[in-house]
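Q: Have a look at this one before I ask anything.
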Amino acid sequence: AKQARAFEDMAVDGRRAYLAAWGYGLIVADLGNPSSPRELGRLPAQFSSAIAGKGRHVYLGTATNGGSVTSVDVSNPARPVVRGSVPLDTRVERLQLAGRFLFAATAPDVAGGPAGGLRIFDVGNPTRISETGRYSDDCEFASDLALSGDARTVYLRCSTGLHILDVSQPGRPVRLGLYAASQGDRAVALGSGTAFVATDGGVEEVDVRNPRRPTLLNRYRLPAGALRLRVMPGRRLFVFTGTGGLQIIKL
């Protein structure tokens with residue numbers, strides 16, 4: 001069915017790609033020959049909306065009837081095995097993994113339900129996932145996040161704008177700064193000292209070197225709304241849109 005092939009997110013680790021398929025679950029693919037990817041294995045997990053992982057484990061987020069975070073052992077990619085899971089009262093929009101901590105951008109599952117925001121999980125023991133920190137100040141709906149290279153700062157795209165958070169103490173996230181941005185299309189990516197924020201009809205490039213005073217640098221117009229943003233080598237921004245296809249911006 002087409003719904004089973006509705007891929008919501010992807011994580012790449014070495015020669016493997018891990019895909020979250022909304023109508024099915026986890027698909028593991030071999031990218032050894034990029035021109036001819038080959039499926040290695042799969043695991044049913046309906047309503048998968050986000051994925052992150054490295055090494056032996058990947059983590060699936062779901063987004064219907066409440067959300068969940070599930071750890072999956074992919075050491076044998078032909079036979080992925082669930083090792084642990086934790087139910088949530090919000091849906092999972094995006095995941096990022098850094099060491100033993102998993103960062104989740106979350107949103108209300110239903111109108112009037114619990115507010116979303118950032119949720120941080122300790123996955124040091126994948127069989128016993130535990131929530132260790134949460135942030136939801138003025139961020140009812142968090143749709144995307146980007147993590148600094150040292151994993152000490154989270155750039156959280158909320159319905160009210162870009163929230164810049166100090167997560168050096170994962171149990172107590174602290175907001176450093178806020179860049180107000182229109183709701184519109186909500187995606188974020190990090191450059192070198194900059195953040196790219198999807199807005200209504202475009203992308204805004206923001207100087208975040210001083211996180212307490214983020215400053216607009218450039219605006220780039222788009223023919224369609226941005227669903228994903230990726231900063232690529234050669235100072236190029238890949239913008240994945242719906243009806244507008246792939247847009248490449250030279251920075």
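By convention in this document, the chains of the structure tokens carry letters A, B, ... by their order, each chain's residues are numbered from 1, and ligands are numbered from 1 in the order they are shown.
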Could you list, as a list of chain:residue names, every residue within 9 Å of segment 202-210 of chain A, counting only C-alpha atoms and ignoring same-chain residues fewer than 6 positions away?
A: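 Contacts, in chain order: A:Ile164, A:Gly177, A:Tyr179, A:Ala181, A:Asp185, A:Ser192, A:Gly193, A:Thr194, A:Ala195, A:Phe196, A:Leu216, A:Leu217, A:Asn218, A:Arg219, A:Tyr220, A:Arg221, A:Leu222, A:Pro223, A:Ala224, A:Gly225, A:Ala226, A:Val239.
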Q: Could you write out the selected residues, including N, CA and C atoms, as a short mmCIF file (atom, residue, chain, number, x, y, z; two decimals), in the first residue's frame?
A:
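Final file, again.cif:
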data_model
loop_
_atom_site.label_atom_id
_atom_site.label_comp_id
_atom_site.auth_asym_id
_atom_site.auth_seq_id
_atom_site.Cartn_x
_atom_site.Cartn_y
_atom_site.Cartn_z
N ILE A 164 16.73 28.44 21.65
CA ILE A 164 18.11 27.98 21.78
C ILE A 164 18.31 27.56 23.23
N GLY A 177 18.24 31.74 24.43
CA GLY A 177 17.75 32.79 23.56
C GLY A 177 16.58 32.33 22.73
N TYR A 179 14.62 33.24 18.87
CA TYR A 179 14.49 33.97 17.61
C TYR A 179 13.06 33.78 17.13
N ALA A 181 9.97 33.60 14.89
CA ALA A 181 9.79 33.29 13.46
C ALA A 181 8.35 32.87 13.25
N ASP A 185 6.15 26.67 7.80
CA ASP A 185 6.84 25.39 7.71
C ASP A 185 7.95 25.36 8.73
N SER A 192 27.68 26.88 10.12
CA SER A 192 28.82 27.27 10.94
C SER A 192 28.52 28.62 11.59
N GLY A 193 28.08 28.57 12.84
CA GLY A 193 27.71 29.80 13.54
C GLY A 193 26.36 30.33 13.14
N THR A 194 25.63 29.58 12.32
CA THR A 194 24.32 30.01 11.87
C THR A 194 23.30 28.89 12.02
N ALA A 195 22.04 29.29 12.04
CA ALA A 195 20.94 28.34 11.99
C ALA A 195 20.04 28.73 10.84
N PHE A 196 19.48 27.74 10.16
CA PHE A 196 18.55 27.97 9.06
C PHE A 196 17.17 27.54 9.54
N LEU A 216 19.03 38.00 12.40
CA LEU A 216 18.75 37.64 11.02
C LEU A 216 19.88 38.09 10.11
N LEU A 217 20.36 37.19 9.24
CA LEU A 217 21.39 37.52 8.25
C LEU A 217 20.82 37.59 6.83
N ASN A 218 20.04 36.58 6.45
CA ASN A 218 19.52 36.51 5.08
C ASN A 218 18.16 35.84 5.06
N ARG A 219 17.40 36.19 4.04
CA ARG A 219 16.15 35.49 3.75
C ARG A 219 16.23 34.91 2.34
N TYR A 220 15.79 33.66 2.19
CA TYR A 220 15.77 33.01 0.89
C TYR A 220 14.33 32.60 0.59
N ARG A 221 13.81 33.05 -0.55
CA ARG A 221 12.45 32.73 -0.93
C ARG A 221 12.40 31.34 -1.58
N LEU A 222 11.26 30.66 -1.42
CA LEU A 222 11.08 29.33 -1.97
C LEU A 222 9.76 29.24 -2.72
N PRO A 223 9.68 28.34 -3.71
CA PRO A 223 8.42 28.18 -4.43
C PRO A 223 7.40 27.35 -3.67
N ALA A 224 7.85 26.67 -2.62
CA ALA A 224 6.95 25.83 -1.83
C ALA A 224 7.53 25.69 -0.42
N GLY A 225 6.71 25.23 0.50
CA GLY A 225 7.14 25.12 1.89
C GLY A 225 8.22 24.08 2.11
N ALA A 226 9.15 24.37 3.03
CA ALA A 226 10.25 23.46 3.33
C ALA A 226 9.82 22.42 4.36
N VAL A 239 17.09 22.04 0.46
CA VAL A 239 15.75 22.28 1.01
C VAL A 239 14.79 21.30 0.35
#
Q: If we count only C-alpha atoms, what is near Ser49 of chain A at a cut-off of 9 Å, once residues fewer than 5 positions away on the same chain are taken out, given as a list in words?
A: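 Selected residues are Phe7, Glu8, Asp9, Ala20, Ala21, Trp22, Gly25, Leu60, Gly61, Thr62, Ala63, Arg91, Val92, Glu93 and Arg94 of chain A.
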Q: When you look at Leu102 of chain A with a cut-off of 8 Å (counting only C-alpha atoms), what residues show up, excluding the ones that are within fewer than 6 positions of it in the same chain? I need them as a list in words.
A: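 With the cut-off at 8 Å, the set is Leu95, Gln96, Ile120, Phe121, Asp122 and Val123 of chain A.
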Q: Closest to Glu131 of chain A among A:Gly191, A:Val69, A:Leu165, A:Arg79, using only C-alpha atoms?
A: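 Closest to Glu131 of chain A, using only C-alpha atoms: A:Val69.
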Q: When you draw a straight line from atom CA of Gly53 of chain A to atom CA of Arg152 of chain A, how long is it in Å?
A: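 Atom-to-atom, atom CA of Gly53 of chain A and atom CA of Arg152 of chain A are spaced 18.3 Å apart.
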Q: Run DSSP on the backbone of this structure and report the residues of segment 67-244 of chain A it assigns to strand (DSSP E or B), as a ChimeraX atom specification.
A: /A:67-73,81-87,90-98,101-108,117-122,130-135,142-147,153-158,161-166,174-180,188-190,194-199,202-207,215-221,226-232,236-241
Q: For atom CA of Thr106 of chain A and atom CA of Arg212 of chain A, determine how far apart the two atoms are, in Å to one decimal place.
A: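 Interatomic distance, atom CA of Thr106 of chain A to atom CA of Arg212 of chain A: 23.5 Å.
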Q: What is the distance, in Å and to one decimal place, between atom CA of Ala187 of chain A and atom CA of Asp200 of chain A?
A: 11.0 Å
Q: Between A:Pro77, A:Gly66, A:Gly149, A:Pro44, which one has atoms that come closest to Asp109 of chain A, using only C-alpha atoms?
A: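 Closest to Asp109 of chain A, using only C-alpha atoms: A:Gly66.
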